[in-house]
Structures are given as C-alpha cells and as structure tokens.
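Have a look at the structure below, then the notes.
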Amino acid sequence: MDTTSAPQIIEHTFENLNFTPFDCKWVPCSSRFVVSGQTPSAKGILKIYQLDQKAENKLRVVREFTKGSGYKSGCFGASSLTERAIALGDFSGNLSIMDLETCQESYSVKAHEGIVYCVEGAGGTGYGAPEIITGGADGCVRVWDPRQKEPVVSLEPAQELRPDAWAVDFGNSYNDNERVLAAGYDNGDLKLFDLRTNCLIWDTNLNNGICGLQFDRKDTMMNKLVSSTLEGRFYVFDMRTFNAEEGYACLNEKPHAATNWGVKHTPQNRDLFVVLGGNGSLNLYKYNYPSQRKTEDASGNPKGVPGNVTLLNQKELSTQPIAAFDWNAEKLGLGVCVCLDQTMKVLIVTKLNLF
C-alpha cells in the first residue's frame with residue numbers, strides 16, 4: 001500500500017489509571033466515554049470522561065464511583081439514548097443496568113456462577129425487543145429482557161467440564177422477528193443459535209480459546225463474523241452462504257503469536273476493523289470481498305468463497321495487552337482503548353473515509 005494514503009493511528013491523549021481497566025465504551029451521541037474495571041481492593045469502579053480541549057490533558061472526569069464487585073464487561077446496546085444507562089457484568093456473576101446520571105441501578109440480577117466475561121445488547125432503539133446477552137465462567141450463555149428477572153433463553157453446556165463462555169454477540173436482527181446469537185468458548189467452540197426457532201444452527205471448533213466475537217453489523221442480515229483467539233489468530237467468516245458439509249467460508253490470519261483479545265468494526269464501514277493484540281498492538285484491517293462470493297461444491301450445493309484482508313496499519317500502544325477498544329459511532333476514526341498496564345488512550349485514526 002502507498003504509505004501516503006495509509007491511515008495513521010494517532011494518540012490524542014492518555015491517562016494513567018489507579019485501577020485495572022477491563023472495558024471502555026463511548027456514551028451514544030456524545031463526546032463522553034466510560035471506563036470500568038476493578039480496584040486493588042476488588043471493588044467495581046466506573047469513571048465517566050468528557051473530551052475537553054480546555055482541560056490539562058484534554059480530558060475531564062465527569063463522574064466516578066466504586067461499588068460491589070469488579071466490573072468485567074459492559075454495553076450500551078440494550079438501553080435507549082435518553083436513559084443513558086449501561087449494562088455491566090461483574091466478577092461475582094451479577095448483571096446490572098446503571099443510570100449514568102444518578103449512578104443508581106435500575107436492574108440487577110444474579111446472571112452466572114462466577115465471572116460474567118461478556119455482555120452485549122441489541123434492540124430497544126432498533127429491531128426487536130431490548131435484550132442483553134451474557135456469557136459466564138459457568139459455561140452458560142443467557143439472554144435477558146430487562147423488564148423481567150428470569151432469563152428469556154438459557155443455553156447451558158451438557159458436559160460436566162463446562163468451558164467458560166468468553167465472547168458473545170447478537171446478529172441478523174434485520175426485522176422484529178429474526179435474531180441470532182454467536183457464542184465463543186475457552187475450548188475453541190464457536191456456536192450459532194437462532195433465537196426465533198430456539199435451536200443451534202451451526203457449530204465449529206477453532207482449536208484455540210475464543211476471546212472476541214463480532215458481527216460486522218447487528219441490525220442487517222448476517223454478512224461477516226470475526227472471531228479472535230488465543231495464539232494470535234483471528235478468523236473472518238462469510239455468513240451469507242451456508243454449506244451443510246463445510247459450514248461457512250472462512251479465512252484466518254496470524255498477525256503475531258500473542259493472544260488477540262478482541263475485534264471491533266467501525267460503525268461507519270463494516271469492512272474496516274481492529275484486532276486487539278496481547279502484545280499491546282492495535283492492528284487495523286480492511287476486508288476485501290472476492291469477485292464471486294458463492295460457488296458450488298462437488299455435489300452442486302452452494303458454498304461461500306472467503307475474501308482476504310489488508311493490513312492498513314499497526315501501532316504498538318503498550319507493553320501489556322489491550323483489554324478493550326470502542327469506536328465512536330458519530331465521529332469517524334475516533335476511538336478509545338484501555339490496556340492492562342493501567343492506561344487509557346483516546347486515539348484518532350485518519351483517512352478512513354478513503355476506504
């Protein structure tokens with residue numbers, strides 16, 4: 001690639017934290033973001049930051065509080081923009097919905113036995129009912145409606161040795177009826193559930209624990225699903241064509257030997273995404289579609305054709321793993337990440353409009 005047109009990853013500002021951060025999220029339709037994690041005394045901590053050019057380090061702390069057990073994950077997907085509420089999963093297995101203005105819980109439930117590793121939301125402001133999906137150390141994946149205390153769906157492993165559910169995501173929510181759930185486990189299992197028919201529609205094993213999962217869009221027909229794993233690999237599945245023998249077409253890449261902790265697509269362009277490296281690197285990729293996305297197998301059945309990816313840029317942000325990253329949905333190229341060296345960084349990625 002011509003380096004003059006390549007995107008640049010620029011560190012806008014950073015802050016050293018006095019706690020271990022595990023997640024960060026932009027507050028929808030604002031210049032604020034939330035950083036959550038665990039204090040040295042194992043308490044949950046949440047800090048709300050505001051971008052402010054007049055502040056000393058271009059950031060201003062709007063609100064901070066500590067409560068209960070350490071926070072492992074969070075999302076805004078299940079709350080409306082007017083409520084300004086975030087769903088949080090903690091190390092004690094609790095799922096709660098917190099109002100960012102009052103710091104009061106509007107919903108709280110014991111979701112899992114052990115850590116709630118992942119929380120994702122869908123609906124509410126888009127298609128379908130407002131729902132939250134959680135994955136936990138008990139191996140269960142559960143779907144919650146914040147209007148009731150019992151899970152809408154509870155997917156529990158049959159075997160005695162239950163793999164941890166490390167990653168979850170919603171997809172295929174292109175109308176009020178359709179919705180699928182993708183779940184990744186520490187033994188490498190990747191499972192796809194249809195929530196309309198309440199059945200498993202596909203599963204495979206990626207050989208390494210799945211640390212991150214994300215559809216390129218939640219509210220469209222399934223297009224691509226990216227999975228990041230231990231041992232430095234990530235996989236891109238073309239979800240448009242299913243083959244009964246081979247499943248979904250897939251490409252896999254290994255940018256480094258360290259764990260890939262997660263993946264995040266840009267809200268403005270579904271073909272651009274970053275992979276969060278356990279070596280502290282942030283890798284920016286563009287997915288390139290093949291000239292023909294569907295072909296036939298030996299029996300004449302349709303099967304997908306994988307594309308390829310182009311590495312647009314790579315930047316070493318830390319000597320420790322990047323625990324979480326989030327794109328701003330309104331400002332193209334604006335992102336925030338947290339690293340396990342107890343730092344938080346606001347980033348600007350340039351020239352994404354060229355891709």
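Each chain in the structure tokens gets a letter, A, B, ..., in the order shown, and its residues are numbered from 1; ligands are numbered from 1 in order too.
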Legend entry - Within 10 Å of Leu251 of chain A using only C-alpha atoms, minus same-chain residues under 2 positions, as number ranges by chain: A: 226, 234-238, 249, 253, 305-309
Inset, instruction - Please provide as a PyMOL selection string all residues within 7 Å of Lys303 of chain A, with the sequence filter that same-chain residues fewer than 3 positions apart are discarded (counting only C-alpha atoms). - result: chain A and resi 241-243+294-297
Legend entry - Expected answer as a ChimeraX atom specification: strand (DSSP E) residues in segment 133-258 of chain A: /A:133-136,141-144,153-155,165-171,180-185,189-194,199-205,210-215,224-229,234-243,247-253
Legend entry - Minimum-distance residue to Glu245 of chain A, chosen among A:Pro21, A:Glu156, A:Tyr287, A:Asn301 (using only C-alpha atoms):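 Closest residue, counting only C-alpha atoms: A:Asn301.
Of the listed residues A:Thr229, A:Asn223, A:Asn16, A:Asn207, the one whose atoms come nearest to Ser173 of chain A is A:Asn223, with distances taken using only C-alpha atoms.
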Tell me, counting only C-alpha atoms, for each residue of segment 10-72 of chain A within 6 Å of segment 82-102 of chain A, which pair of atoms is nearest and how far apart they are in Å to one decimal, in rows ordered by chain and increasing number, as CSV.
residue,atom,partner,partner_atom,distance
A:Ser69,CA,A:Phe91,CA,5.9
A:Gly70,CA,A:Asp90,CA,5.5
A:Tyr71,CA,A:Asp90,CA,4.2
A:Lys72,CA,A:Asp90,CA,5.2
Legend entry - Exercise: segment 44-57 of chain A partners within 7 Å, only C-alpha atoms, chain neighbours under 3 positions left out, as a ChimeraX atom specification: /A:13,31-39,60-71
Take the residues just selected and output them with C-alpha atoms as a short mmCIF file (atom, residue, chain, number, x, y, z; two decimals), in the first residue's frame.
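Dumped to again_32.cif:
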data_model
loop_
_atom_site.label_atom_id
_atom_site.label_comp_id
_atom_site.auth_asym_id
_atom_site.auth_seq_id
_atom_site.Cartn_x
_atom_site.Cartn_y
_atom_site.Cartn_z
CA THR A 13 -4.44 11.80 24.82
CA SER A 31 -18.19 13.05 23.49
CA ARG A 32 -18.21 11.12 26.77
CA PHE A 33 -16.99 7.59 27.40
CA VAL A 34 -16.99 5.12 30.27
CA VAL A 35 -14.03 3.15 31.63
CA SER A 36 -14.80 0.29 34.02
CA GLY A 37 -12.72 -2.23 35.91
CA GLN A 38 -11.54 -3.36 39.32
CA THR A 39 -9.76 -1.52 42.12
CA ARG A 60 -12.29 15.84 32.23
CA VAL A 61 -13.67 13.31 34.73
CA VAL A 62 -17.43 13.83 34.87
CA ARG A 63 -18.26 11.19 37.44
CA GLU A 64 -16.61 8.34 39.33
CA PHE A 65 -17.92 5.73 41.72
CA THR A 66 -16.99 2.39 43.22
CA LYS A 67 -19.50 -0.31 44.06
CA GLY A 68 -19.74 -4.03 44.73
CA SER A 69 -17.51 -6.42 42.80
CA GLY A 70 -15.10 -5.59 39.96
CA TYR A 71 -16.66 -4.88 36.56
#
Inset, instruction - For Gly135 of chain A, please output as a count of residues only all residues within 6 Å (counting only C-alpha atoms; exclusion window: fewer than 6 positions along the same chain). - result: 5
Could you make a table, as CSV, of the residues of segment 114-178 of chain A that have an atom within 7 Å of an atom of segment 209-218 of chain A, each with its nearest atom pair and distance in Å to one decimal, counting only C-alpha atoms, in chain and number order?
residue,atom,partner,partner_atom,distance
A:Trp166,CA,A:Cys211,CA,5.7
A:Ala167,CA,A:Gly212,CA,5.2
A:Val168,CA,A:Leu213,CA,6.1
A:Asp169,CA,A:Gln214,CA,5.9
A:Phe170,CA,A:Lys218,CA,6.0
A:Gly171,CA,A:Lys218,CA,4.3
A:Asn172,CA,A:Lys218,CA,6.0
A:Ser173,CA,A:Lys218,CA,5.9
Take the residues from that selection and write them out as a short mmCIF file (atom, residue, chain, number, x, y, z; two decimals), in the first residue's frame, keeping all heavy atoms.
data_model
loop_
_atom_site.label_atom_id
_atom_site.label_comp_id
_atom_site.auth_asym_id
_atom_site.auth_seq_id
_atom_site.Cartn_x
_atom_site.Cartn_y
_atom_site.Cartn_z
N TRP A 166 -16.53 -17.01 26.81
CA TRP A 166 -15.68 -15.82 26.81
C TRP A 166 -16.21 -14.69 25.93
O TRP A 166 -15.84 -13.54 26.13
CB TRP A 166 -14.28 -16.18 26.35
CG TRP A 166 -13.42 -16.78 27.42
CD1 TRP A 166 -13.73 -16.94 28.73
CD2 TRP A 166 -12.09 -17.30 27.26
NE1 TRP A 166 -12.69 -17.53 29.41
CE2 TRP A 166 -11.67 -17.75 28.53
CE3 TRP A 166 -11.23 -17.42 26.18
CZ2 TRP A 166 -10.41 -18.32 28.73
CZ3 TRP A 166 -9.98 -17.99 26.37
CH2 TRP A 166 -9.58 -18.43 27.64
N ALA A 167 -17.00 -15.00 24.91
CA ALA A 167 -17.41 -13.98 23.94
C ALA A 167 -18.80 -14.27 23.41
O ALA A 167 -19.15 -15.43 23.15
CB ALA A 167 -16.42 -13.91 22.78
N VAL A 168 -19.60 -13.21 23.24
CA VAL A 168 -20.95 -13.34 22.70
C VAL A 168 -21.26 -12.14 21.81
O VAL A 168 -20.65 -11.08 21.95
CB VAL A 168 -22.02 -13.42 23.81
CG1 VAL A 168 -21.90 -14.71 24.60
CG2 VAL A 168 -21.93 -12.22 24.75
N ASP A 169 -22.20 -12.32 20.89
CA ASP A 169 -22.68 -11.19 20.10
C ASP A 169 -24.02 -11.53 19.47
O ASP A 169 -24.33 -12.71 19.23
CB ASP A 169 -21.68 -10.81 19.00
CG ASP A 169 -21.92 -9.41 18.47
OD1 ASP A 169 -22.50 -8.58 19.21
OD2 ASP A 169 -21.53 -9.11 17.32
N PHE A 170 -24.83 -10.49 19.24
CA PHE A 170 -26.08 -10.61 18.51
C PHE A 170 -25.84 -10.31 17.03
O PHE A 170 -24.95 -9.52 16.68
CB PHE A 170 -27.11 -9.60 19.02
CG PHE A 170 -27.81 -9.99 20.29
CD1 PHE A 170 -27.71 -9.22 21.43
CD2 PHE A 170 -28.60 -11.13 20.34
CE1 PHE A 170 -28.37 -9.56 22.60
CE2 PHE A 170 -29.26 -11.49 21.51
CZ PHE A 170 -29.15 -10.70 22.64
N GLY A 171 -26.65 -10.90 16.16
CA GLY A 171 -26.59 -10.59 14.74
C GLY A 171 -27.88 -10.95 14.04
O GLY A 171 -28.81 -11.50 14.66
N ASN A 172 -27.96 -10.63 12.75
CA ASN A 172 -29.10 -10.98 11.90
C ASN A 172 -30.40 -10.33 12.34
O ASN A 172 -31.49 -10.79 12.00
CB ASN A 172 -29.29 -12.50 11.85
CG ASN A 172 -29.90 -12.97 10.55
OD1 ASN A 172 -29.51 -12.53 9.47
ND2 ASN A 172 -30.86 -13.88 10.64
N SER A 173 -30.33 -9.22 13.09
CA SER A 173 -31.55 -8.55 13.59
C SER A 173 -32.05 -7.55 12.57
O SER A 173 -32.10 -6.34 12.85
CB SER A 173 -31.25 -7.86 14.92
OG SER A 173 -30.83 -8.78 15.90
#
Inset, instruction - Give me the residues within 7 Å of Asn260 of chain A as a ChimeraX atom specification, counting only C-alpha atoms and dropping any in the same chain fewer than 2 places off. - result: /A:211,228-230,232-233,258,262,275-278
With N, CA, C and O atoms kept, could you save the residues just selected as a PDB file, in the first residue's frame?
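The resulting file, part25.pdb, is reproduced below:
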ATOM      1  N   CYS A 211     -11.607 -15.328  22.300  1.00  0.00           N
ATOM      2  CA  CYS A 211     -11.591 -14.177  23.210  1.00  0.00           C
ATOM      3  C   CYS A 211     -12.525 -13.061  22.757  1.00  0.00           C
ATOM      4  O   CYS A 211     -12.950 -12.249  23.572  1.00  0.00           O
ATOM      5  N   SER A 228     -11.660 -13.591  17.284  1.00  0.00           N
ATOM      6  CA  SER A 228     -10.242 -13.515  17.669  1.00  0.00           C
ATOM      7  C   SER A 228      -9.971 -14.533  18.765  1.00  0.00           C
ATOM      8  O   SER A 228     -10.820 -14.787  19.622  1.00  0.00           O
ATOM      9  N   THR A 229      -8.773 -15.129  18.735  1.00  0.00           N
ATOM     10  CA  THR A 229      -8.498 -16.256  19.620  1.00  0.00           C
ATOM     11  C   THR A 229      -7.142 -16.144  20.303  1.00  0.00           C
ATOM     12  O   THR A 229      -6.353 -15.231  20.026  1.00  0.00           O
ATOM     13  N   LEU A 230      -6.894 -17.112  21.173  1.00  0.00           N
ATOM     14  CA  LEU A 230      -5.565 -17.310  21.725  1.00  0.00           C
ATOM     15  C   LEU A 230      -4.593 -17.667  20.598  1.00  0.00           C
ATOM     16  O   LEU A 230      -5.010 -17.999  19.488  1.00  0.00           O
ATOM     17  N   GLY A 232      -2.779 -15.845  18.852  1.00  0.00           N
ATOM     18  CA  GLY A 232      -2.566 -14.815  17.844  1.00  0.00           C
ATOM     19  C   GLY A 232      -3.375 -14.908  16.577  1.00  0.00           C
ATOM     20  O   GLY A 232      -3.092 -14.190  15.614  1.00  0.00           O
ATOM     21  N   ARG A 233      -4.399 -15.744  16.505  1.00  0.00           N
ATOM     22  CA  ARG A 233      -5.163 -15.873  15.265  1.00  0.00           C
ATOM     23  C   ARG A 233      -6.486 -15.111  15.338  1.00  0.00           C
ATOM     24  O   ARG A 233      -7.051 -14.901  16.408  1.00  0.00           O
ATOM     25  N   ALA A 258       0.895 -13.516  20.077  1.00  0.00           N
ATOM     26  CA  ALA A 258       0.188 -13.187  21.313  1.00  0.00           C
ATOM     27  C   ALA A 258      -1.322 -13.321  21.124  1.00  0.00           C
ATOM     28  O   ALA A 258      -1.832 -13.292  19.994  1.00  0.00           O
ATOM     29  N   GLY A 262      -9.672  -9.151  21.233  1.00  0.00           N
ATOM     30  CA  GLY A 262     -10.978  -8.714  20.768  1.00  0.00           C
ATOM     31  C   GLY A 262     -10.917  -8.148  19.372  1.00  0.00           C
ATOM     32  O   GLY A 262      -9.846  -7.997  18.773  1.00  0.00           O
ATOM     33  N   VAL A 275      -8.045  -5.354  15.473  1.00  0.00           N
ATOM     34  CA  VAL A 275      -7.825  -6.529  16.313  1.00  0.00           C
ATOM     35  C   VAL A 275      -6.927  -6.099  17.463  1.00  0.00           C
ATOM     36  O   VAL A 275      -5.905  -5.434  17.259  1.00  0.00           O
ATOM     37  N   LEU A 276      -7.300  -6.478  18.687  1.00  0.00           N
ATOM     38  CA  LEU A 276      -6.609  -6.036  19.893  1.00  0.00           C
ATOM     39  C   LEU A 276      -5.573  -7.080  20.298  1.00  0.00           C
ATOM     40  O   LEU A 276      -5.923  -8.200  20.681  1.00  0.00           O
ATOM     41  N   GLY A 277      -4.308  -6.728  20.225  1.00  0.00           N
ATOM     42  CA  GLY A 277      -3.241  -7.679  20.463  1.00  0.00           C
ATOM     43  C   GLY A 277      -2.847  -7.819  21.920  1.00  0.00           C
ATOM     44  O   GLY A 277      -2.792  -6.838  22.673  1.00  0.00           O
ATOM     45  N   GLY A 278      -2.527  -9.044  22.313  1.00  0.00           N
ATOM     46  CA  GLY A 278      -1.993  -9.289  23.644  1.00  0.00           C
ATOM     47  C   GLY A 278      -0.588  -8.759  23.819  1.00  0.00           C
ATOM     48  O   GLY A 278      -0.083  -8.672  24.941  1.00  0.00           O
TER      49      GLY A 278
END
